[in-house]
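Heads up, entry.cif below (mmCIF, C-alpha atoms and all ligand atoms):
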data_query
#
loop_
_atom_site.label_atom_id
_atom_site.label_comp_id
_atom_site.auth_asym_id
_atom_site.auth_seq_id
_atom_site.Cartn_x
_atom_site.Cartn_y
_atom_site.Cartn_z
CA MET A 1 122.50 -228.92 50.76
CA THR A 2 121.61 -231.38 48.00
CA GLY A 3 124.10 -232.58 45.46
CA THR A 4 122.39 -230.62 42.71
CA GLU A 5 122.57 -227.39 44.67
CA THR A 6 126.20 -228.05 45.46
CA LEU A 7 127.06 -228.43 41.83
CA LYS A 8 125.01 -225.46 40.79
CA ALA A 9 126.63 -223.18 43.34
CA ALA A 10 130.11 -224.39 42.61
CA GLU A 11 130.24 -224.76 38.86
CA PRO A 12 132.63 -222.20 37.39
CA ALA A 13 131.64 -220.35 34.25
CA PRO A 14 133.53 -221.60 31.22
CA ASN A 15 136.29 -219.20 30.29
CA THR A 16 135.50 -218.48 26.68
CA GLY A 17 137.66 -215.39 26.37
CA ALA A 18 134.68 -213.19 25.59
CA VAL A 19 133.68 -211.62 28.89
CA ALA A 20 130.19 -210.23 29.22
CA THR A 21 130.40 -206.98 31.15
CA ASP A 22 128.28 -204.09 32.24
CA GLU A 23 129.49 -201.03 30.34
CA ASN A 24 129.76 -199.12 33.61
CA ALA A 25 132.08 -201.71 35.06
CA VAL A 26 135.81 -201.20 35.46
CA PHE A 27 136.33 -204.72 36.80
CA SER A 28 133.90 -207.52 36.00
CA VAL A 29 134.43 -210.65 38.01
CA ARG A 30 132.43 -213.83 37.50
CA ASN A 31 132.62 -217.13 39.39
CA LEU A 32 136.16 -216.43 40.48
CA TRP A 33 138.00 -219.05 42.53
CA LYS A 34 141.45 -219.10 44.07
CA VAL A 35 142.31 -222.38 45.66
CA PHE A 36 145.68 -222.99 47.31
CA GLY A 37 146.94 -226.53 47.69
CA PRO A 38 147.50 -229.75 45.77
CA LYS A 39 145.49 -230.18 42.55
CA ALA A 40 143.76 -226.89 43.31
CA ASP A 41 142.17 -226.64 39.88
CA ARG A 42 140.07 -229.73 40.59
CA ILE A 43 138.19 -228.09 43.45
CA PRO A 44 135.87 -225.60 41.66
CA GLY A 45 132.91 -227.56 40.40
CA SER A 46 133.76 -230.70 42.38
CA GLU A 47 131.79 -232.30 45.17
CA HIS A 48 134.26 -230.72 47.59
CA ALA A 49 133.60 -227.19 46.43
CA SER A 50 130.99 -226.30 49.00
CA LEU A 51 132.66 -227.88 52.03
CA PRO A 52 133.37 -225.59 54.97
CA PRO A 53 137.07 -224.55 55.10
CA ALA A 54 138.20 -227.05 57.75
CA GLU A 55 136.49 -229.98 56.01
CA LEU A 56 137.86 -228.95 52.64
CA ARG A 57 141.35 -228.83 54.10
CA GLU A 58 140.87 -232.21 55.74
CA ALA A 59 139.51 -233.87 52.60
CA THR A 60 141.82 -232.32 50.02
CA GLY A 61 144.61 -230.37 51.72
CA CYS A 62 143.36 -227.25 49.91
CA THR A 63 142.21 -223.79 51.04
CA ALA A 64 139.61 -221.95 48.95
CA ALA A 65 140.78 -218.39 49.64
CA VAL A 66 138.31 -217.03 47.06
CA ARG A 67 135.21 -219.06 46.47
CA ASP A 68 132.92 -218.54 43.49
CA VAL A 69 132.83 -214.76 43.70
CA SER A 70 131.01 -212.53 41.19
CA PHE A 71 130.74 -208.75 41.18
CA ASP A 72 131.34 -205.60 39.16
CA VAL A 73 133.38 -202.63 40.31
CA ARG A 74 131.55 -199.71 38.76
CA LYS A 75 133.21 -196.64 37.32
CA GLY A 76 133.67 -193.94 39.93
CA GLU A 77 132.76 -195.97 42.99
CA VAL A 78 134.73 -196.81 46.10
CA PHE A 79 134.29 -200.58 46.26
CA VAL A 80 135.24 -201.81 49.70
CA VAL A 81 136.22 -205.43 50.31
CA MET A 82 135.68 -206.09 54.00
CA GLY A 83 135.97 -209.14 56.20
CA LEU A 84 137.81 -210.65 59.13
CA SER A 85 141.39 -211.82 58.89
CA GLY A 86 141.67 -214.81 56.57
CA SER A 87 138.34 -214.19 54.81
CA GLY A 88 140.09 -213.80 51.45
CA LYS A 89 140.26 -210.04 50.91
CA SER A 90 143.90 -209.76 49.87
CA THR A 91 143.76 -212.83 47.69
CA LEU A 92 140.70 -211.53 45.90
CA VAL A 93 142.18 -208.10 45.21
CA ARG A 94 145.52 -209.58 44.13
CA CYS A 95 143.67 -211.78 41.68
CA LEU A 96 142.30 -208.66 39.98
CA THR A 97 145.70 -207.89 38.48
CA ARG A 98 146.91 -211.50 38.61
CA LEU A 99 149.50 -210.81 41.28
CA ILE A 100 147.89 -214.06 42.37
CA GLU A 101 146.77 -216.29 39.52
CA PRO A 102 143.06 -217.21 39.83
CA THR A 103 142.20 -220.91 39.72
CA SER A 104 139.07 -220.44 37.61
CA GLY A 105 136.40 -217.96 36.61
CA THR A 106 136.41 -214.89 34.39
CA LEU A 107 137.85 -211.47 34.98
CA ALA A 108 137.81 -208.33 32.82
CA ILE A 109 139.02 -204.74 33.13
CA ASP A 110 137.20 -202.22 30.94
CA GLY A 111 135.85 -205.21 29.00
CA GLU A 112 139.29 -206.69 28.32
CA ASP A 113 139.90 -210.26 29.44
CA VAL A 114 142.58 -210.08 32.14
CA LEU A 115 143.16 -213.84 32.10
CA ALA A 116 144.13 -213.67 28.42
CA MET A 117 146.75 -210.93 28.92
CA ASP A 118 150.37 -211.73 28.11
CA ARG A 119 153.24 -210.61 30.33
CA SER A 120 153.74 -207.19 28.81
CA ARG A 121 150.03 -206.41 28.81
CA LEU A 122 149.89 -207.48 32.46
CA ARG A 123 152.82 -205.22 33.30
CA GLU A 124 151.00 -202.39 31.64
CA LEU A 125 147.84 -203.23 33.58
CA ARG A 126 149.65 -203.12 36.92
CA ARG A 127 151.67 -200.02 36.14
CA HIS A 128 149.12 -197.83 34.50
CA ARG A 129 145.60 -199.09 34.77
CA ALA A 130 145.28 -200.53 38.26
CA ALA A 131 147.84 -199.02 40.64
CA MET A 132 148.16 -200.53 44.08
CA VAL A 133 148.71 -198.68 47.38
CA PHE A 134 150.10 -201.04 50.01
CA GLN A 135 150.10 -201.00 53.78
CA HIS A 136 153.89 -201.02 53.73
CA PHE A 137 154.45 -198.09 51.56
CA GLY A 138 157.19 -199.55 49.40
CA LEU A 139 158.97 -196.23 49.03
CA LEU A 140 162.51 -196.01 47.75
CA PRO A 141 164.52 -195.01 50.85
CA HIS A 142 167.29 -193.11 49.10
CA ARG A 143 165.04 -190.99 46.95
CA THR A 144 163.35 -187.79 47.99
CA VAL A 145 159.58 -187.45 48.27
CA LEU A 146 159.50 -185.73 44.89
CA ASP A 147 161.62 -188.43 43.22
CA ASN A 148 159.56 -191.22 44.77
CA VAL A 149 156.45 -189.71 43.23
CA ALA A 150 158.20 -189.00 39.92
CA TYR A 151 159.42 -192.61 39.80
CA GLY A 152 156.18 -193.89 38.33
CA LEU A 153 156.48 -191.31 35.56
CA GLU A 154 159.96 -192.32 34.44
CA ILE A 155 158.67 -195.28 32.54
CA GLN A 156 156.18 -193.10 30.73
CA GLY A 157 158.82 -191.32 28.74
CA LEU A 158 158.22 -187.83 30.13
CA SER A 159 161.15 -185.43 30.28
CA LYS A 160 162.77 -184.84 33.65
CA ALA A 161 161.28 -181.36 33.94
CA GLU A 162 157.82 -182.64 33.07
CA ARG A 163 158.12 -185.44 35.61
CA ARG A 164 159.18 -183.12 38.38
CA ALA A 165 156.42 -180.63 37.63
CA LYS A 166 153.76 -183.35 37.60
CA ALA A 167 155.20 -184.92 40.77
CA ALA A 168 155.20 -181.55 42.55
CA GLU A 169 151.55 -181.10 41.65
CA LEU A 170 150.70 -184.49 43.13
CA VAL A 171 152.76 -183.94 46.27
CA ALA A 172 150.73 -180.78 46.83
CA LYS A 173 147.48 -182.61 46.07
CA VAL A 174 148.07 -185.10 48.91
CA GLY A 175 148.97 -182.31 51.33
CA LEU A 176 152.77 -182.62 51.39
CA ALA A 177 153.81 -179.32 49.79
CA GLY A 178 157.06 -178.16 51.37
CA LEU A 179 158.30 -181.71 52.08
CA GLU A 180 159.44 -182.49 48.53
CA ASP A 181 163.09 -182.86 49.43
CA ARG A 182 162.72 -185.10 52.48
CA ARG A 183 163.58 -188.77 52.40
CA PRO A 184 160.98 -191.35 53.49
CA SER A 185 162.77 -191.95 56.84
CA GLN A 186 162.21 -188.28 57.68
CA LEU A 187 158.43 -188.63 57.38
CA SER A 188 155.73 -189.92 59.72
CA GLY A 189 153.79 -193.06 58.80
CA GLY A 190 150.84 -190.98 57.60
CA GLN A 191 153.09 -188.79 55.47
CA GLN A 192 154.76 -191.84 53.95
CA GLN A 193 151.36 -193.23 53.09
CA ARG A 194 150.53 -189.94 51.37
CA VAL A 195 153.67 -190.30 49.27
CA GLY A 196 152.54 -193.82 48.35
CA LEU A 197 149.17 -192.40 47.38
CA ALA A 198 150.71 -189.61 45.28
CA ARG A 199 152.96 -192.14 43.55
CA ALA A 200 149.98 -194.33 42.70
CA LEU A 201 148.07 -191.29 41.41
CA ALA A 202 151.03 -190.21 39.27
CA VAL A 203 150.34 -192.82 36.64
CA ASP A 204 146.71 -191.66 36.42
CA PRO A 205 145.32 -195.19 36.76
CA SER A 206 141.73 -195.98 35.90
CA VAL A 207 141.44 -197.72 39.26
CA LEU A 208 143.36 -197.44 42.52
CA LEU A 209 143.65 -200.59 44.63
CA PHE A 210 144.27 -200.10 48.34
CA ASP A 211 145.40 -203.08 50.43
CA GLU A 212 144.66 -202.12 54.04
CA PRO A 213 146.71 -199.00 53.50
CA PHE A 214 145.99 -197.38 56.85
CA SER A 215 146.01 -200.28 59.26
CA ALA A 216 149.49 -199.50 60.55
CA LEU A 217 148.61 -195.88 61.30
CA ASP A 218 147.46 -194.56 64.65
CA PRO A 219 143.74 -193.76 64.86
CA LEU A 220 143.96 -189.99 64.39
CA ILE A 221 146.26 -190.18 61.38
CA ARG A 222 144.15 -193.01 60.04
CA ARG A 223 141.07 -190.82 60.21
CA GLU A 224 142.97 -188.05 58.44
CA MET A 225 143.95 -190.43 55.65
CA GLN A 226 140.37 -191.64 55.30
CA ASP A 227 139.28 -188.01 54.90
CA GLU A 228 142.00 -187.66 52.27
CA VAL A 229 140.61 -190.59 50.32
CA VAL A 230 137.07 -189.20 50.57
CA ARG A 231 138.34 -185.80 49.37
CA LEU A 232 140.32 -187.28 46.48
CA HIS A 233 137.37 -189.38 45.49
CA ARG A 234 135.02 -186.41 45.60
CA GLU A 235 137.41 -184.23 43.59
CA GLU A 236 138.46 -186.77 40.98
CA GLY A 237 135.73 -189.43 41.00
CA ARG A 238 138.43 -192.04 40.53
CA THR A 239 137.40 -195.68 40.87
CA MET A 240 138.85 -197.28 43.98
CA VAL A 241 138.93 -200.76 45.44
CA PHE A 242 139.70 -200.62 49.12
CA ILE A 243 140.47 -203.59 51.40
CA THR A 244 139.81 -203.23 55.09
CA HIS A 245 138.90 -205.36 58.08
CA ASP A 246 137.59 -202.27 59.87
CA LEU A 247 133.84 -201.85 59.60
CA SER A 248 133.78 -198.15 60.45
CA GLU A 249 136.39 -197.50 57.73
CA ALA A 250 134.29 -199.51 55.28
CA LEU A 251 131.17 -197.55 56.16
CA ARG A 252 132.93 -194.20 55.88
CA LEU A 253 134.58 -194.87 52.54
CA GLY A 254 132.46 -197.37 50.68
CA THR A 255 130.03 -196.57 47.93
CA ARG A 256 129.37 -200.29 48.13
CA ILE A 257 130.81 -202.92 50.43
CA ALA A 258 131.44 -206.58 49.68
CA LEU A 259 131.47 -208.43 52.98
CA MET A 260 133.56 -211.61 52.76
CA ARG A 261 133.50 -214.75 54.85
CA ASP A 262 135.48 -217.93 54.16
CA GLY A 263 136.33 -216.78 50.62
CA GLY A 264 132.76 -215.94 49.58
CA ILE A 265 130.85 -212.67 49.47
CA VAL A 266 128.04 -212.91 52.00
CA GLN A 267 126.56 -209.53 51.13
CA LEU A 268 127.25 -206.82 48.59
CA GLY A 269 125.50 -203.52 49.05
CA THR A 270 125.64 -199.89 50.06
CA PRO A 271 126.56 -199.13 53.68
CA GLU A 272 122.90 -198.38 54.24
CA GLU A 273 121.85 -201.76 52.85
CA ILE A 274 124.44 -203.65 54.86
CA VAL A 275 123.51 -201.94 58.12
CA GLY A 276 119.79 -201.57 57.43
CA SER A 277 119.12 -204.96 55.81
CA PRO A 278 121.75 -207.50 56.83
CA ALA A 279 121.52 -210.52 54.53
CA ASP A 280 121.97 -213.10 57.28
CA ASP A 281 122.80 -213.57 60.94
CA TYR A 282 126.52 -213.29 60.27
CA VAL A 283 126.16 -209.83 58.74
CA ARG A 284 123.63 -208.82 61.42
CA GLU A 285 126.13 -209.71 64.12
CA PHE A 286 128.91 -207.91 62.22
CA VAL A 287 126.99 -204.61 62.12
CA ARG A 288 125.26 -204.96 65.49
CA ASP A 289 127.09 -202.11 67.17
CA VAL A 290 126.95 -199.64 64.28
CA PRO A 291 125.00 -196.49 65.19
CA ARG A 292 122.19 -196.93 62.67
CA GLU A 293 121.26 -193.25 62.67
CA GLN A 294 124.68 -192.37 61.28
CA VAL A 295 124.30 -194.68 58.31
CA LEU A 296 120.59 -194.84 57.47
CA THR A 297 119.18 -191.95 55.48
CA VAL A 298 115.96 -190.04 55.95
CA ALA A 299 114.75 -191.52 52.66
CA THR A 300 114.33 -194.85 54.43
CA ALA A 301 112.93 -193.34 57.64
CA MET A 302 110.39 -190.87 56.24
CA ARG A 303 106.61 -191.17 56.02
CA PRO A 304 104.21 -189.33 53.66
CA ALA A 305 103.49 -185.72 54.62
CA LEU A 306 100.09 -184.95 56.13
CA ALA A 307 98.05 -181.85 55.29
CA GLY A 308 99.75 -178.73 56.63
CA GLU A 309 103.12 -180.40 57.09
CA SER A 310 104.51 -178.93 53.88
CA GLU A 311 104.94 -175.51 55.47
CA ARG A 312 106.78 -176.15 58.72
CA GLY A 313 110.00 -177.69 59.86
CA PRO A 314 113.60 -177.70 58.66
CA ALA A 315 114.28 -179.07 55.18
CA VAL A 316 116.62 -182.03 54.78
CA ARG A 317 117.71 -183.89 51.67
CA PRO A 318 116.63 -187.51 51.17
CA ASP A 319 120.25 -188.63 51.51
CA ALA A 320 120.83 -186.79 54.80
CA THR A 321 121.52 -189.24 57.60
CA VAL A 322 118.95 -189.74 60.31
CA SER A 323 121.45 -188.32 62.74
CA GLU A 324 121.65 -185.09 60.71
CA ALA A 325 117.85 -184.90 60.65
CA ILE A 326 117.70 -185.39 64.43
CA GLU A 327 120.07 -182.47 64.83
CA ALA A 328 118.03 -180.30 62.44
CA VAL A 329 114.74 -181.10 64.20
CA SER A 330 116.24 -180.63 67.60
CA ARG A 331 117.72 -177.21 66.70
CA SER A 332 114.54 -175.94 65.10
CA GLY A 333 112.19 -177.14 67.83
CA ASP A 334 109.71 -178.28 65.16
CA PRO A 335 107.98 -181.64 65.51
CA ALA A 336 109.31 -182.89 62.17
CA ALA A 337 111.69 -182.20 59.29
CA ARG A 338 110.53 -181.95 55.68
CA VAL A 339 112.36 -184.17 53.24
CA MET A 340 112.95 -182.07 50.12
CA ASP A 341 114.25 -183.45 46.86
CA GLY A 342 115.17 -180.64 44.47
CA GLY A 343 112.54 -178.30 45.91
CA ARG A 344 109.83 -180.99 46.03
CA LEU A 345 108.43 -182.31 49.30
CA VAL A 346 108.84 -186.09 49.26
CA GLY A 347 108.05 -186.93 52.88
CA VAL A 348 108.41 -186.06 56.49
CA VAL A 349 110.49 -187.41 59.37
CA ASP A 350 108.95 -186.82 62.78
CA HIS A 351 110.25 -187.78 66.21
CA ALA A 352 108.71 -191.26 65.99
CA CYS A 353 110.30 -192.00 62.59
CA LEU A 354 113.69 -190.84 63.84
CA LEU A 355 113.54 -192.69 67.15
CA ASP A 356 112.44 -195.86 65.40
CA VAL A 357 115.69 -195.88 63.45
CA VAL A 358 117.80 -195.32 66.57
CA ALA A 359 115.92 -198.08 68.39
CA GLY A 360 116.00 -200.41 65.39
CA THR A 361 112.24 -200.81 65.53
CA SER A 362 111.51 -199.75 61.96
CA GLY A 363 113.15 -199.09 58.66
CA PRO A 364 114.77 -201.68 56.45
CA GLY A 365 116.55 -203.36 59.35
CA ALA A 366 113.30 -204.15 61.09
CA ALA A 367 111.58 -205.33 57.93
CA ALA A 368 112.70 -208.79 56.84
CA THR A 369 113.87 -207.75 53.40
CA PRO A 370 117.44 -208.84 52.94
CA ALA A 371 119.40 -206.60 50.64
CA SER A 372 121.22 -207.94 47.68
CA THR A 373 123.47 -210.86 48.43
CA ALA A 374 126.40 -212.06 46.45
CA SER A 375 124.48 -214.89 44.84
CA THR A 376 121.74 -212.70 43.45
CA SER A 377 123.34 -209.37 42.96
CA GLY A 378 127.04 -209.84 42.87
CA ALA A 379 127.01 -208.13 39.56
CA THR A 380 124.18 -205.75 39.31
CA GLY A 381 121.54 -206.14 42.01
CA ALA A 382 122.24 -203.34 44.44
CA PRO A 383 120.72 -199.98 43.68
CA ASP A 384 122.98 -197.01 43.21
CA ALA A 385 124.28 -195.36 46.30
CA PRO A 386 123.14 -191.88 47.25
CA ASP A 387 125.27 -189.15 45.77
CA GLY A 388 127.43 -189.13 48.83
CA SER A 389 127.39 -185.55 49.95
CA ARG A 390 124.70 -186.06 52.55
CA GLU A 391 124.30 -182.42 53.35
CA VAL A 392 121.37 -181.03 55.21
CA THR A 393 120.17 -178.24 52.99
CA ALA A 394 118.53 -176.00 55.53
N1 LIG A 401 150.01 -218.68 49.49
C1 LIG A 401 149.05 -219.27 50.25
N2 LIG A 401 149.06 -220.60 50.42
C2 LIG A 401 148.10 -221.22 51.15
N3 LIG A 401 147.06 -220.57 51.73
C3 LIG A 401 147.00 -219.24 51.58
C4 LIG A 401 147.99 -218.52 50.84
N4 LIG A 401 147.67 -217.20 50.86
C5 LIG A 401 146.53 -217.11 51.60
N5 LIG A 401 146.14 -218.33 52.02
C6 LIG A 401 144.94 -218.63 52.83
O1 LIG A 401 143.83 -218.10 52.16
C7 LIG A 401 142.91 -217.55 53.07
C8 LIG A 401 142.63 -216.10 52.72
O2 LIG A 401 143.81 -215.34 52.96
P1 LIG A 401 143.88 -213.77 52.68
O3 LIG A 401 145.27 -213.32 53.00
O4 LIG A 401 143.37 -213.50 51.34
O5 LIG A 401 142.86 -213.22 53.75
P2 LIG A 401 142.62 -211.72 54.23
O6 LIG A 401 141.16 -211.57 54.43
O7 LIG A 401 143.29 -210.77 53.33
O8 LIG A 401 143.35 -211.75 55.64
P3 LIG A 401 144.14 -210.56 56.42
O9 LIG A 401 143.12 -209.53 56.78
O10 LIG A 401 144.68 -211.29 57.62
O11 LIG A 401 145.21 -210.08 55.48
C9 LIG A 401 143.49 -217.77 54.45
O12 LIG A 401 142.95 -218.94 54.98
C10 LIG A 401 144.97 -217.94 54.17
O13 LIG A 401 145.57 -218.74 55.14
#
Mind converting the file's structure to structure tokens?
Amino acid sequence: MTGTETLKAAEPAPNTGAVATDENAVFSVRNLWKVFGPKADRIPGSEHASLPPAELREATGCTAAVRDVSFDVRKGEVFVVMGLSGSGKSTLVRCLTRLIEPTSGTLAIDGEDVLAMDRSRLRELRRHRAAMVFQHFGLLPHRTVLDNVAYGLEIQGLSKAERRAKAAELVAKVGLAGLEDRRPSQLSGGQQQRVGLARALAVDPSVLLFDEPFSALDPLIRREMQDEVVRLHREEGRTMVFITHDLSEALRLGTRIALMRDGGIVQLGTPEEIVGSPADDYVREFVRDVPREQVLTVATAMRPALAGESERGPAVRPDATVSEAIEAVSRSGDPAARVMDGGRLVGVVDHACLLDVVAGTSGPGAAATPASTASTSGATGAPDAPDGSREVTA
């Protein structure tokens, strides 16, 4: 890399206080850095900024846990931050509410500059606007389930009766009705996590932040909790930021996924973009074992319909997965499925189209068209995700 490129990539945006944001963004993050170590604030923009982690540590004694990261979390999406251990996920998400103080860059929530907030505004941000659900549930051991959930409401000035009524509603919402009077020690790990979730929901935050909340749970319970998050998201459309190092969890939950490596975002895109169009060899290797047919949709696999093909075959929606279309074609015995968008025929998926996806011989993964990467689309580049329901309509 030339010196000019180094500087260009590393130069932090000046923090002017006025933060330019997309109006659909809950969080807007631009050129964010978090450097740990001596004289950390000298690293962004310096000649050391683009050094690989080991060399940076050697030269300066510093670790760039978050490295020039830019993105928006859009209203109503589940924004997953994924990466291996040490890639910077927790640091990045803690920077969003300044539980960790960023070294440089800009950061806004609903257009308000987070870096300019004073202590009381920050407290308000963490309590009401961006509630965090942790891996270690942080429940109060001597309080009942109901009181743990009501706890977040105490500071809101509601009467005791109002708090208990609202808490009971939330306990039921996360599937714990009947367990209101238990103490945390009398609950399983999954149940405790549900209490943590209900408590975070109690303050009706504009965004829920999850820090690897399910990694301590056994696989079955973990799956159940993921379903719970999907259900809550579908019912409430609440914005969520979700940290995980588990790719299958990221693919199940994410509207979009930011894949981190060494503090930077190597790709930001929908699950389909990440799996179908990996931005580089690192991402390709990361998603190598993902069953493509479970992630790619028929919209990317279809071809134009030929004469006569509009009459026969099961109908599938453009956002049905290839795997759902395979099942529909296989059940019907027809040679192809019709891809119908609101009653209109938009294409056809035949055996060859479907097998090509499974084999990885066509579709976006086979074409050399990298999806949006952090440098080009951190903020706005990736197209909107499908609507998420992915149902086969016939
Ligand atoms: N307080 C700290 N002081 C120095 N270095 C730190 C500190 N906190 C984190 N780091 C370093 O920053 C990098 C990113 O750490 P971070 O915890 O954000 O990663 P992560 O992706 O969340 O990892 P994990 O999945 O293991 O929790 C790591 O190299 C870590 O050692």
Grab me every residue within 8 Å of ligand LIG 401 (chain A), counting all atoms listed in the file, and send it over as a PyMOL selection string.
-> chain A and resi 35-37+62-66+82-92+243-245+260+262-263
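Minimum atom-to-atom distances from A:Ala258, A:Ser46, A:Arg223, A:Asp218 to Val283 (chain A) were compared using all atoms listed in the file, and the lowest value belongs to A:Ala258.
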Pairwise distance for CA of Ala200 (chain A) and CA of Arg238 (chain A), rounded to one decimal in Å =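 Computing the Euclidean distance for CA of Ala200 (chain A) and CA of Arg238 (chain A) yields 12.0 Å.
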With only C-alpha atoms as the atoms that count, which of A:Gln191, A:Thr361, A:Asn31, A:Thr300 lies nearest to Leu217 (chain A)?
->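 Closest candidate: A:Gln191.
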Which polymer residues have any atom within 9 Å of an atom of Arg182 (chain A), counting all atoms listed in the file, with same-chain residues fewer than 5 positions away left out, as a ChimeraX atom specification?
-> /A:143-146,187
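Reported to one decimal place, the separation of CA of Arg129 (chain A) from CA of Met117 (chain A) is 13.3 Å.
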What is the CA of Cys353 (chain A)-CA of Val339 (chain A) distance in Å, reported with one decimal?
-> 12.4 Å
Smallest atom-to-atom distance to Ala108 (chain A): which of A:Ala299, A:Glu124, A:Asn148, A:Leu96, using all atoms listed in the file?
->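 That would be A:Leu96, the residue with the smallest distance to Ala108 (chain A).
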Give the answer as one residue: which of A:Val358, A:Ala337, A:Val329, A:Ala167 has the shortest atom-to-atom distance to Ser310 (chain A), using only C-alpha atoms?
->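 For Ser310 (chain A), the nearest of the candidates is A:Ala337.
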Name the residues within 6 Å of (112.3, -173.6, 60.7), counting only C-alpha atoms in the file's coordinates, and put them as a list in words.
->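 In the file's frame, the residues around the point are Gly313, Pro314 and Ser332 of chain A.
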Hey, can you pull every residue with an atom no more than 12 Å from (151.3, -199.6, 51.6), using only C-alpha atoms, and send it as a PyMOL selection string?
-> chain A and resi 131-139+189-200+209-217+242-243
For Asp110 (chain A), the nearest of the candidates A:Phe27, A:Arg288, A:His142, A:Leu259, counting only C-alpha atoms = A:Phe27
Determine the nearest neighbour of Gly360 (chain A) from the options A:Ile43, A:Val290, A:Val207, A:Val26, counting only C-alpha atoms.
-> A:Val290
Residue contacts of Val229 (chain A) (9 Å, all atoms listed in the file) excluding same-chain residues fewer than 5 positions away, as a short mmCIF file (atom, residue, chain, number, x, y, z; two decimals) with C-alpha atoms, keeping the file's coordinate frame:
data_model
loop_
_atom_site.label_atom_id
_atom_site.label_comp_id
_atom_site.auth_asym_id
_atom_site.auth_seq_id
_atom_site.Cartn_x
_atom_site.Cartn_y
_atom_site.Cartn_z
CA GLU A 224 142.97 -188.05 58.44
CA ARG A 234 135.02 -186.41 45.60
CA LEU A 253 134.58 -194.87 52.54
#
Taking every listed atom of region 240-247 of chain A and adding 4 Å to each side, what centre and edge lengths in Å (one decimal) does the axis-aligned box have, as lines of an AutoDock Vina configuration file?
center_x = 137.2
center_y = -201.3
center_z = 51.9
size_x = 14.6
size_y = 16.1
size_z = 23.9
Do you know which residues are at most 8 Å from Glu309 (chain A) counting all atoms listed in the file, after dropping those on the same chain fewer than 4 positions away, and could you put them as a list in words?
->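 Within the cut-off, the hits are Ala305, Gly313, Arg338 and Val348 of chain A.
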